[in-house]
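Asker: Hey, dropping input.txt in here, compact mmCIF, C-alpha atoms:
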```
# COMPACT_ATOMS: atom_id res chain seq x y z
CA MET A 25 16.06 -14.33 57.30
CA GLN A 26 19.42 -13.77 59.03
CA ILE A 27 20.56 -11.23 56.43
CA ASP A 28 17.40 -9.18 57.16
CA TYR A 29 18.25 -8.80 60.85
CA LEU A 30 21.94 -8.31 60.11
CA LEU A 31 21.26 -5.50 57.63
CA SER A 32 18.85 -3.84 60.04
CA ILE A 33 21.25 -3.94 63.00
CA ILE A 34 24.21 -2.76 60.90
CA SER A 35 22.15 0.07 59.38
CA ILE A 36 20.92 1.30 62.76
CA PHE A 37 24.40 1.14 64.32
CA ILE A 38 26.20 2.91 61.44
CA SER A 39 23.47 5.55 61.09
CA ILE A 40 23.68 6.51 64.79
CA ILE A 41 27.46 6.96 64.45
CA PHE A 42 27.06 9.13 61.36
CA TYR A 43 24.21 11.21 62.79
CA PHE A 44 26.50 12.25 65.64
CA ALA A 45 29.57 12.63 63.41
CA THR A 46 27.96 14.65 60.61
CA GLN A 47 26.14 16.86 63.11
CA LYS A 48 29.47 17.64 64.75
CA ILE A 49 31.09 18.41 61.37
CA PHE A 50 28.23 20.67 60.27
CA LEU A 51 28.30 22.53 63.60
CA SER A 52 32.09 22.93 63.51
CA TYR A 53 31.82 24.62 60.10
CA GLY A 54 28.82 26.70 61.19
CA ILE A 55 26.50 25.02 58.69
CA THR A 56 23.24 25.32 60.61
CA ASP A 57 19.62 25.67 59.60
CA GLU A 58 18.74 29.35 59.49
CA ILE A 59 15.89 30.35 61.79
CA ASN A 60 13.44 32.64 60.00
CA ASN A 61 9.71 33.38 59.82
CA ARG A 62 9.11 30.04 58.04
CA SER A 63 10.95 27.98 60.66
CA SER A 64 9.00 25.69 62.95
CA HIS A 65 11.93 25.39 65.36
CA SER A 66 13.81 27.84 67.57
CA VAL A 67 16.97 25.92 68.49
CA THR A 68 20.28 25.24 66.77
CA SER A 69 19.87 22.56 64.14
CA THR A 70 21.71 21.04 61.20
CA ARG A 71 20.43 19.67 57.90
CA SER A 72 22.81 16.72 58.07
CA GLY A 73 20.30 13.86 58.34
CA GLY A 74 20.20 13.18 54.61
CA PHE A 75 24.00 13.09 54.45
CA SER A 76 24.08 10.38 57.11
CA ILE A 77 21.35 8.27 55.48
CA PHE A 78 23.03 8.40 52.08
CA ILE A 79 26.41 7.43 53.54
CA VAL A 80 24.88 4.45 55.38
CA ILE A 81 23.14 3.16 52.24
CA PHE A 82 26.23 3.79 50.10
CA ILE A 83 28.67 2.08 52.49
CA ILE A 84 26.51 -1.03 52.97
CA SER A 85 25.78 -1.25 49.23
CA PHE A 86 29.49 -0.83 48.38
CA ILE A 87 30.56 -3.57 50.81
CA TYR A 88 28.02 -6.05 49.43
CA TYR A 89 28.95 -5.03 45.87
CA ILE A 90 32.63 -5.78 46.57
CA LEU A 91 31.57 -9.14 48.05
CA GLY A 92 29.67 -9.88 44.85
CA ILE A 93 26.28 -9.90 46.57
CA GLU A 94 23.49 -8.04 44.76
CA LEU A 95 21.06 -6.75 47.37
CA TYR A 96 19.24 -4.68 44.72
CA ASP A 97 20.00 -3.01 41.41
CA TYR A 98 22.93 -0.79 42.45
CA SER A 99 22.64 1.28 39.25
CA ILE A 100 19.79 3.27 40.83
CA LEU A 101 22.38 4.85 43.13
CA ILE A 102 23.60 6.94 40.18
CA PRO A 103 20.46 9.13 39.84
CA LEU A 104 19.91 9.02 43.60
CA SER A 105 23.48 10.25 44.15
CA LEU A 106 22.82 13.16 41.77
CA LEU A 107 19.73 14.10 43.77
CA PHE A 108 21.66 13.77 47.03
CA VAL A 109 24.51 16.02 45.84
CA THR A 110 22.01 18.58 44.50
CA GLY A 111 20.23 18.64 47.85
CA LEU A 112 23.48 18.79 49.83
CA TYR A 113 24.70 21.76 47.80
CA ASP A 114 21.36 23.48 48.44
CA ASP A 115 21.62 22.75 52.19
CA VAL A 116 25.06 24.37 52.37
CA TYR A 117 25.07 27.11 49.72
CA LYS A 118 21.39 27.52 48.65
CA LEU A 119 20.55 26.58 45.07
CA ASP A 120 18.11 28.33 42.74
CA PHE A 121 14.94 26.24 42.47
CA LYS A 122 15.18 26.27 38.65
CA LEU A 123 18.55 24.51 38.84
CA LYS A 124 17.14 22.01 41.33
CA ILE A 125 14.35 21.16 38.89
CA ILE A 126 16.87 20.75 36.03
CA PHE A 127 18.94 18.29 38.08
CA GLN A 128 15.77 16.44 39.06
CA ILE A 129 14.83 16.11 35.38
CA ILE A 130 18.32 14.79 34.58
CA ALA A 131 18.03 12.25 37.41
CA ALA A 132 14.56 11.27 36.13
CA LYS A 133 15.97 10.66 32.62
CA ILE A 134 18.72 8.45 34.08
CA ILE A 135 16.06 6.47 35.97
CA ILE A 136 14.13 6.01 32.71
CA ASP A 137 17.29 4.92 30.88
CA ASN A 138 17.73 2.28 33.58
CA GLY A 139 14.46 0.75 32.36
CA LEU A 140 12.10 2.26 34.94
CA ILE A 141 9.31 3.96 32.99
CA ILE A 142 5.55 4.33 33.26
CA ASP A 143 4.40 3.06 29.87
CA ASN A 144 1.04 1.62 30.94
CA LEU A 145 -1.83 3.20 32.90
CA HIS A 146 -3.42 -0.22 33.46
CA GLY A 147 -6.80 0.84 32.09
CA LEU A 148 -7.17 4.09 34.06
CA PHE A 149 -9.50 6.35 32.05
CA GLY A 150 -9.50 3.58 29.45
CA VAL A 151 -5.78 4.03 28.77
CA PHE A 152 -3.36 1.12 28.71
CA GLU A 153 -0.03 1.29 26.82
CA LEU A 154 1.50 4.74 26.25
CA ASN A 155 3.49 5.99 23.28
CA ARG A 156 7.26 5.92 24.04
CA ILE A 157 7.69 9.71 23.93
CA ILE A 158 4.52 10.35 25.96
CA ALA A 159 5.60 7.66 28.44
CA GLN A 160 8.99 9.35 28.94
CA MET A 161 7.49 12.81 29.39
CA PHE A 162 4.84 11.50 31.77
CA THR A 163 7.44 9.54 33.78
CA ILE A 164 9.73 12.58 34.10
CA PHE A 165 6.81 14.71 35.32
CA PHE A 166 5.77 11.92 37.71
CA ILE A 167 9.28 11.51 39.18
CA VAL A 168 9.80 15.27 39.65
CA ALA A 169 6.35 15.55 41.26
CA ILE A 170 7.05 12.71 43.71
CA ILE A 171 10.49 14.11 44.61
CA ASN A 172 9.03 17.53 45.37
CA SER A 173 6.03 16.11 47.22
CA ILE A 174 8.44 14.47 49.69
CA ASN A 175 10.56 17.62 49.80
CA PHE A 176 7.48 19.76 50.52
CA ILE A 177 6.36 17.71 53.55
CA ASP A 178 9.75 18.01 55.25
CA GLY A 179 8.52 20.95 57.31
CA ILE A 180 7.88 19.64 60.82
CA ASP A 181 9.70 17.16 63.05
CA GLY A 182 9.31 13.51 62.12
CA LEU A 183 6.80 13.97 59.30
CA ALA A 184 8.86 13.20 56.18
CA ILE A 185 10.64 10.23 57.74
CA SER A 186 7.32 8.85 59.05
CA ILE A 187 5.71 9.06 55.60
CA VAL A 188 8.74 7.41 53.97
CA ILE A 189 8.81 4.60 56.56
CA LEU A 190 5.06 4.09 56.17
CA PHE A 191 5.38 3.96 52.38
CA LEU A 192 8.26 1.47 52.40
CA SER A 193 6.49 -0.73 54.97
CA LEU A 194 3.26 -0.82 52.93
CA PHE A 195 5.26 -1.33 49.72
CA GLU A 196 6.68 -4.56 51.14
CA LEU A 197 3.52 -5.59 53.02
CA PHE A 198 1.28 -5.43 49.94
CA SER A 199 3.75 -7.24 47.66
CA ILE A 200 2.82 -10.86 46.94
CA SER A 201 6.49 -11.82 47.23
CA GLN A 202 9.77 -10.29 48.33
CA SER A 203 10.33 -7.27 46.06
CA ASP A 204 13.53 -6.52 44.16
CA PHE A 205 14.08 -3.61 46.56
CA PHE A 206 13.36 -5.53 49.78
CA TYR A 207 16.86 -5.11 51.22
CA LEU A 208 17.04 -1.45 50.24
CA SER A 209 13.76 -0.98 52.13
CA ILE A 210 15.28 -2.61 55.22
CA ILE A 211 18.43 -0.50 55.08
CA THR A 212 16.48 2.74 54.52
CA ILE A 213 13.90 2.14 57.26
CA SER A 214 16.58 1.05 59.75
CA SER A 215 18.75 4.10 59.04
CA LEU A 216 15.74 6.43 59.36
CA VAL A 217 14.48 5.16 62.73
CA PRO A 218 17.35 6.67 64.82
CA LEU A 219 16.69 10.03 63.17
CA TYR A 220 13.53 10.36 65.29
CA TYR A 221 15.72 10.96 68.34
CA PHE A 222 17.74 13.69 66.60
CA ASN A 223 14.68 15.17 64.86
CA PHE A 224 12.73 15.61 68.09
CA SER A 225 15.74 16.61 70.19
CA LYS A 226 15.20 19.76 72.27
CA LYS A 227 18.62 21.13 71.35
CA LYS A 228 21.02 20.62 68.45
CA LYS A 229 18.36 19.04 66.28
CA VAL A 230 19.11 17.16 63.06
CA PHE A 231 16.86 17.57 60.02
CA LEU A 232 16.77 15.59 56.77
CA GLY A 233 17.61 18.65 54.75
CA ASP A 234 17.20 18.78 50.97
CA SER A 235 19.94 16.16 50.62
CA GLY A 236 17.70 13.73 52.46
CA SER A 237 14.32 14.75 51.07
CA LEU A 238 15.49 14.80 47.43
CA PHE A 239 17.34 11.50 47.85
CA LEU A 240 14.39 9.80 49.57
CA GLY A 241 11.94 11.40 47.13
CA GLY A 242 13.95 9.92 44.27
CA ALA A 243 13.92 6.51 45.95
CA ILE A 244 10.14 6.72 46.51
CA SER A 245 9.62 7.61 42.84
CA ILE A 246 11.65 4.53 41.79
CA PHE A 247 9.67 2.30 44.14
CA THR A 248 6.43 3.79 42.79
CA ILE A 249 7.34 3.15 39.15
CA TYR A 250 8.28 -0.39 40.17
CA ILE A 251 4.78 -0.82 41.66
CA LEU A 252 3.30 0.15 38.28
CA SER A 253 5.46 -2.40 36.46
CA ASN A 254 4.59 -6.03 35.79
CA ASN A 255 7.24 -7.12 38.32
CA TYR A 256 5.19 -5.95 41.30
CA ILE A 257 2.08 -7.95 42.11
CA ILE A 258 -0.30 -6.87 44.88
CA LYS A 259 -1.50 -9.62 47.23
CA PRO A 260 -4.90 -11.01 46.14
CA GLN A 261 -6.52 -10.12 49.49
CA PHE A 262 -5.86 -6.44 48.79
CA ASP A 263 -6.60 -6.49 45.03
CA LEU A 264 -6.31 -2.76 44.35
CA HIS A 265 -5.82 -1.00 41.02
CA LYS A 266 -2.12 -0.11 41.03
CA LEU A 267 -2.60 3.62 40.52
CA ILE A 268 -5.22 3.72 43.29
CA PHE A 269 -2.78 1.80 45.50
CA VAL A 270 -0.03 4.34 44.78
CA PHE A 271 -2.37 7.25 45.57
CA SER A 272 -3.59 5.60 48.78
CA ILE A 273 -0.10 5.01 50.22
CA LEU A 274 1.14 8.44 49.15
CA SER A 275 -2.13 10.24 49.93
CA TYR A 276 -0.73 12.99 52.16
CA PRO A 277 2.26 14.15 50.04
CA ILE A 278 0.11 14.02 46.87
CA ILE A 279 -2.79 15.96 48.40
CA ASP A 280 -0.44 18.49 50.00
CA ILE A 281 1.59 19.23 46.83
CA ILE A 282 -1.54 19.61 44.68
CA ARG A 283 -3.14 21.92 47.25
CA ILE A 284 -0.05 24.07 47.90
CA CYS A 285 0.83 24.46 44.20
CA PHE A 286 -2.76 25.46 43.40
CA LEU A 287 -2.82 28.04 46.22
CA ARG A 288 0.53 29.53 45.19
CA LEU A 289 -0.43 29.74 41.51
CA ILE A 290 -3.79 31.46 42.14
CA ASN A 291 -1.91 33.93 44.38
CA GLY A 292 0.54 34.64 41.56
CA LYS A 293 3.49 32.95 43.30
CA SER A 294 5.92 30.29 42.14
CA PRO A 295 4.95 26.76 43.27
CA PHE A 296 8.53 26.33 44.50
CA ILE A 297 8.76 29.39 46.75
CA ALA A 298 8.47 28.07 50.31
CA ASP A 299 5.83 29.29 52.76
CA LYS A 300 3.95 28.05 55.83
CA ASN A 301 0.63 27.24 54.17
CA HIS A 302 1.16 23.48 54.03
CA ILE A 303 -1.45 21.28 55.72
CA HIS A 304 1.10 20.17 58.34
CA HIS A 305 1.82 23.80 59.22
CA LEU A 306 -1.90 24.44 59.71
CA ILE A 307 -2.22 21.37 61.92
CA LEU A 308 0.90 22.39 63.87
CA SER A 309 -0.58 25.85 64.46
CA ARG A 310 -3.57 24.14 66.14
CA THR A 311 -1.75 21.42 68.10
CA LYS A 312 1.37 23.48 68.99
CA ASN A 313 3.19 20.15 69.07
CA HIS A 314 5.28 18.52 66.32
CA SER A 315 4.78 14.93 67.46
CA LYS A 316 0.98 15.37 67.69
CA ALA A 317 0.82 16.98 64.25
CA THR A 318 2.92 14.19 62.73
CA LEU A 319 0.85 11.51 64.47
CA ILE A 320 -2.42 13.05 63.19
CA ILE A 321 -1.15 13.01 59.60
CA VAL A 322 0.21 9.45 59.80
CA LEU A 323 -3.08 8.23 61.29
CA PHE A 324 -4.94 10.01 58.48
CA CYS A 325 -2.80 8.19 55.90
CA ILE A 326 -3.50 4.81 57.52
CA LEU A 327 -7.23 5.58 57.84
CA PHE A 328 -7.36 6.71 54.21
CA LEU A 329 -5.81 3.42 53.08
CA ILE A 330 -8.30 1.44 55.19
CA ILE A 331 -11.22 3.40 53.68
CA VAL A 332 -9.90 2.79 50.15
CA GLN A 333 -9.61 -0.92 50.94
CA PHE A 334 -13.14 -1.01 52.35
CA LEU A 335 -14.63 0.81 49.36
CA ASN A 336 -12.72 -1.47 47.02
CA ARG A 337 -14.34 -4.52 48.62
CA ILE A 338 -17.93 -3.28 48.58
CA LEU A 339 -17.96 -1.58 45.15
```
Represent the structure contained in this file as C-alpha cells.
Answerer:
Amino acid sequence: MQIDYLLSIISIFISIIFYFATQKIFLSYGITDEINNRSSHSVTSTRSGGFSIFIVIFIISFIYYILGIELYDYSILIPLSLLFVTGLYDDVYKLDFKLKIIFQIIAAKIIIDNGLIIDNLHGLFGVFELNRIIAQMFTIFFIVAIINSINFIDGIDGLAISIVILFLSLFELFSISQSDFFYLSIITISSLVPLYYFNFSKKKKVFLGDSGSLFLGGAISIFTIYILSNNYIIKPQFDLHKLIFVFSILSYPIIDIIRICFLRLINGKSPFIADKNHIHHLILSRTKNHSKATLIIVLFCILFLIIVQFLNRIL
C-alpha cells in the first residue's frame, strides 16, 4: 500500500511544479488560448495542462522503468505520446481536423497491435466473437470516438478532468481485483487534482488543451478496451454487462458526442467544427457558473450509474 501513497504524493507534487512552470513558458512565448465567440472564459489562459500531465506520467514511468519496476505496460505510452504530440501541435499552431483524425487512427492501430482489441461483444445483440478485420475496424472507430468524446467535453472549467477522474475511480472500484492499470490510474488522478485550482483560477487560467484531452481520451479508450477483455472482471455485487457498464460510466461524453454530431450533420456542418451547442454549454448558459454546471453533469453521471445498477437488479 505504501507505493500507492508514494505515487500519489509524488504525482501531486511534480504536477504542481509543472503546472506553474509550463504556464510561465507558454505565457513567455505568448502561447495563450484565443478568446472568441466560442470561448467560455474572458481572462488570459494557457492550454498547458495536458503538457504538464503528460510530463508527470512520463517522468514517473521512466524512473520506474529504469529501476526495473513495471507499474503498467509502458508500451501504451507510444500511441498516447503520438496523441499528446498531435494535440500539443494543435494547441500551438492549429491543426486541420482531418490530420488530427488521421493521427488518431494511427494511434488506434498501434493500440490494436499492442494486443488491445474489441473482438467480442459479449452477447450484445446476440453477437459474441468478431471477425479479425471487423474487430480491427470496429476498435479503430471505437477508439477515435472515445478520444473525440473526451475532447468534445473539454469546454468548461473542470468538466473534462472531473469526468476522467470519475471514470478512473469507477474503473478501479468496480474491478474485482487490482487492475493492470491501477498505478497509472493513481498517477493520472493525482496529477489531475491540482489542475482544478488552475482551471478555476480567476486569472491566468490553465486548460487541458488538445494535448491533454487527446492524451486522456486515448488513455480512456485503452482502459475501456481493457474492461471489455477477459482480464477485467466486474465485482459480483455489481454484475453488469460489460458494454452497459462502459456506457454507464461514460454516459455524458457518449450522449454528448452522439447528440452534437447528429445536430451538426442535420445542419450540414462537419461533426468536427466546434460550436457552443454542447449540453455543458447549454447548462452553463442557465447556471452562469462553471463549477455549478460541472457539478450538475457529474451528479447526473453518478445518478445515471445508480439507476442502471438499480434496473439491473430488478430486471
Asker: Using only C-alpha atoms, find the one residue out of A:Ser203, A:Ser275, A:Thr70, A:Asn172 that sits nearest to A:Phe191.
Answerer: A:Ser275
Asker: How far is it from atom CA of A:Ser214 to atom CA of A:Lys228, in Å with one decimal?
Answerer: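 Those two atoms sit 21.9 Å apart.
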Asker: For A:Thr110, list every protein, DNA or RNA residue within 8 Å, evaluated using only C-alpha atoms, and leave out those in the same chain fewer than 3 positions away; present the list as a ChimeraX atom specification.
Answerer: /A:106-107,113-114,124,127,235
Asker: Residues within 10 Å of stretch 81-92 of chain A, please, as an mmCIF file with C-alpha atoms, in the frame of the given file. Count all atoms listed in the file; anything in the same chain fewer than 5 positions from it doesn't count.
Answerer:
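The resulting selection_33.cif:
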```
data_model
loop_
_atom_site.group_PDB
_atom_site.id
_atom_site.type_symbol
_atom_site.label_atom_id
_atom_site.label_comp_id
_atom_site.auth_asym_id
_atom_site.auth_seq_id
_atom_site.Cartn_x
_atom_site.Cartn_y
_atom_site.Cartn_z
ATOM 1 C CA LEU A 31 21.260 -5.500 57.630
ATOM 2 C CA ILE A 34 24.210 -2.760 60.900
ATOM 3 C CA SER A 35 22.150 0.070 59.380
ATOM 4 C CA ILE A 38 26.200 2.910 61.440
ATOM 5 C CA SER A 39 23.470 5.550 61.090
ATOM 6 C CA SER A 76 24.080 10.380 57.110
ATOM 7 C CA ASP A 97 20.000 -3.010 41.410
ATOM 8 C CA TYR A 98 22.930 -0.790 42.450
ATOM 9 C CA LEU A 101 22.380 4.850 43.130
ATOM 10 C CA SER A 105 23.480 10.250 44.150
ATOM 11 C CA TYR A 207 16.860 -5.110 51.220
ATOM 12 C CA LEU A 208 17.040 -1.450 50.240
ATOM 13 C CA ILE A 211 18.430 -0.500 55.080
ATOM 14 C CA THR A 212 16.480 2.740 54.520
ATOM 15 C CA SER A 215 18.750 4.100 59.040
#
```
Asker: Atom CA of A:Leu197 to atom CA of A:Leu216: how many Å, to one decimal?
Answerer: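 Atom-to-atom, atom CA of A:Leu197 and atom CA of A:Leu216 are spaced 18.3 Å apart.
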Asker: Closest to A:Phe75 among A:Ile303, A:Val109, A:Ile282, A:Ile251, using only C-alpha atoms?
Answerer: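 Among the listed residues, the smallest separation from A:Phe75 belongs to A:Val109.
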Asker: Could you state the separation of atom CA of A:Thr56 and atom CA of A:Ser69 in Å, given to one decimal place?
Answerer: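 Between these atoms lies a distance of 5.6 Å.
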Asker: Go ahead and fit an axis-aligned box to every listed atom of stretch 36-39 of chain A plus 5 Å each side, and pass me the centre and edge lengths in Å, one decimal, as JSON.
Answerer:
```
{"center_x": 23.6, "center_y": 3.3, "center_z": 62.7, "size_x": 15.3, "size_y": 14.4, "size_z": 13.2}
```
Asker: Find the residue from A:Gly147, A:Gln47, A:Tyr250, A:Leu95 that sits nearest to A:Asp28; use all atoms listed in the file when measuring.
Answerer: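 For A:Asp28, the nearest of the candidates is A:Leu95.
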Asker: Can you tell me, as a short mmCIF file (atom, residue, chain, number, x, y, z; two decimals) with C-alpha atoms, keeping the file's coordinate frame, what residues are no more than 10 Å from A:Val217 when counting only C-alpha atoms, ignoring any on the same chain fewer than 4 positions away?
Answerer:
```cif
data_model
loop_
_atom_site.label_atom_id
_atom_site.label_comp_id
_atom_site.auth_asym_id
_atom_site.auth_seq_id
_atom_site.Cartn_x
_atom_site.Cartn_y
_atom_site.Cartn_z
CA SER A 35 22.15 0.07 59.38
CA ILE A 36 20.92 1.30 62.76
CA SER A 39 23.47 5.55 61.09
CA ILE A 40 23.68 6.51 64.79
CA GLY A 182 9.31 13.51 62.12
CA ILE A 185 10.64 10.23 57.74
CA SER A 186 7.32 8.85 59.05
CA ILE A 189 8.81 4.60 56.56
CA THR A 212 16.48 2.74 54.52
CA ILE A 213 13.90 2.14 57.26
CA TYR A 221 15.72 10.96 68.34
CA PHE A 222 17.74 13.69 66.60
#
```
Asker: Rank A:Val151, A:Val67, A:Ile258, A:Val188 by their smallest atom-to-atom distance to A:Lys226, using all atoms listed in the file, and report the top residue only.
Answerer: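 The answer is A:Val67, which sits nearest to A:Lys226.
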Asker: If we count all atoms listed in the file and set the cut-off at 9 Å, which residues sit around A:Asp263, ignoring sequence neighbours fewer than 3 positions away in its own chain? Please answer as a list in words.
Answerer: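 Once the nearby chain positions are removed, what remains is Ile258, Lys259, Pro260, Lys266, Gln333, Asn336 and Arg337 of chain A.
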Asker: Taking 2 positions as the minimum chain separation for residues in the same chain, which residues sit within 12 Å of stretch 325-330 of chain A when counting only C-alpha atoms? Answer as a ChimeraX atom specification.
Answerer: /A:183,186-188,190-191,193-194,198,262,264,268-279,318-323,332-337
Asker: Could you make a table, as JSON lines, of the residues of stretch 155-245 of chain A that have an atom within 7 Å of an atom of stretch 129-139 of chain A, each with its nearest atom pair and distance in Å to one decimal, counting only C-alpha atoms, in chain and number order?
Answerer:
```
{"residue": "A:Ile164", "atom": "CA", "partner": "A:Ala132", "partner_atom": "CA", "distance": 5.4}
{"residue": "A:Ile167", "atom": "CA", "partner": "A:Ala132", "partner_atom": "CA", "distance": 6.1}
{"residue": "A:Val168", "atom": "CA", "partner": "A:Ile129", "partner_atom": "CA", "distance": 6.7}
```
Asker: Nearest to A:Phe152: which of A:Ile93, A:Leu287, A:Gly292, A:Leu252 is it, counting only C-alpha atoms?
Answerer: A:Leu252
Asker: Residues around (25.1, 19.9, 67.7), cut-off 12 Å, counting only C-alpha atoms - what are they as a short mmCIF file (atom, residue, chain, number, x, y, z; two decimals) with C-alpha atoms, keeping the file's coordinate frame?
Answerer:
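This went into point_6.cif:
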```cif
data_model
loop_
_atom_site.label_atom_id
_atom_site.label_comp_id
_atom_site.auth_asym_id
_atom_site.auth_seq_id
_atom_site.Cartn_x
_atom_site.Cartn_y
_atom_site.Cartn_z
CA TYR A 43 24.21 11.21 62.79
CA PHE A 44 26.50 12.25 65.64
CA ALA A 45 29.57 12.63 63.41
CA THR A 46 27.96 14.65 60.61
CA GLN A 47 26.14 16.86 63.11
CA LYS A 48 29.47 17.64 64.75
CA ILE A 49 31.09 18.41 61.37
CA PHE A 50 28.23 20.67 60.27
CA LEU A 51 28.30 22.53 63.60
CA SER A 52 32.09 22.93 63.51
CA TYR A 53 31.82 24.62 60.10
CA GLY A 54 28.82 26.70 61.19
CA ILE A 55 26.50 25.02 58.69
CA THR A 56 23.24 25.32 60.61
CA ASP A 57 19.62 25.67 59.60
CA VAL A 67 16.97 25.92 68.49
CA THR A 68 20.28 25.24 66.77
CA SER A 69 19.87 22.56 64.14
CA THR A 70 21.71 21.04 61.20
CA ARG A 71 20.43 19.67 57.90
CA SER A 72 22.81 16.72 58.07
CA PHE A 222 17.74 13.69 66.60
CA ASN A 223 14.68 15.17 64.86
CA SER A 225 15.74 16.61 70.19
CA LYS A 226 15.20 19.76 72.27
CA LYS A 227 18.62 21.13 71.35
CA LYS A 228 21.02 20.62 68.45
CA LYS A 229 18.36 19.04 66.28
CA VAL A 230 19.11 17.16 63.06
CA PHE A 231 16.86 17.57 60.02
#
```
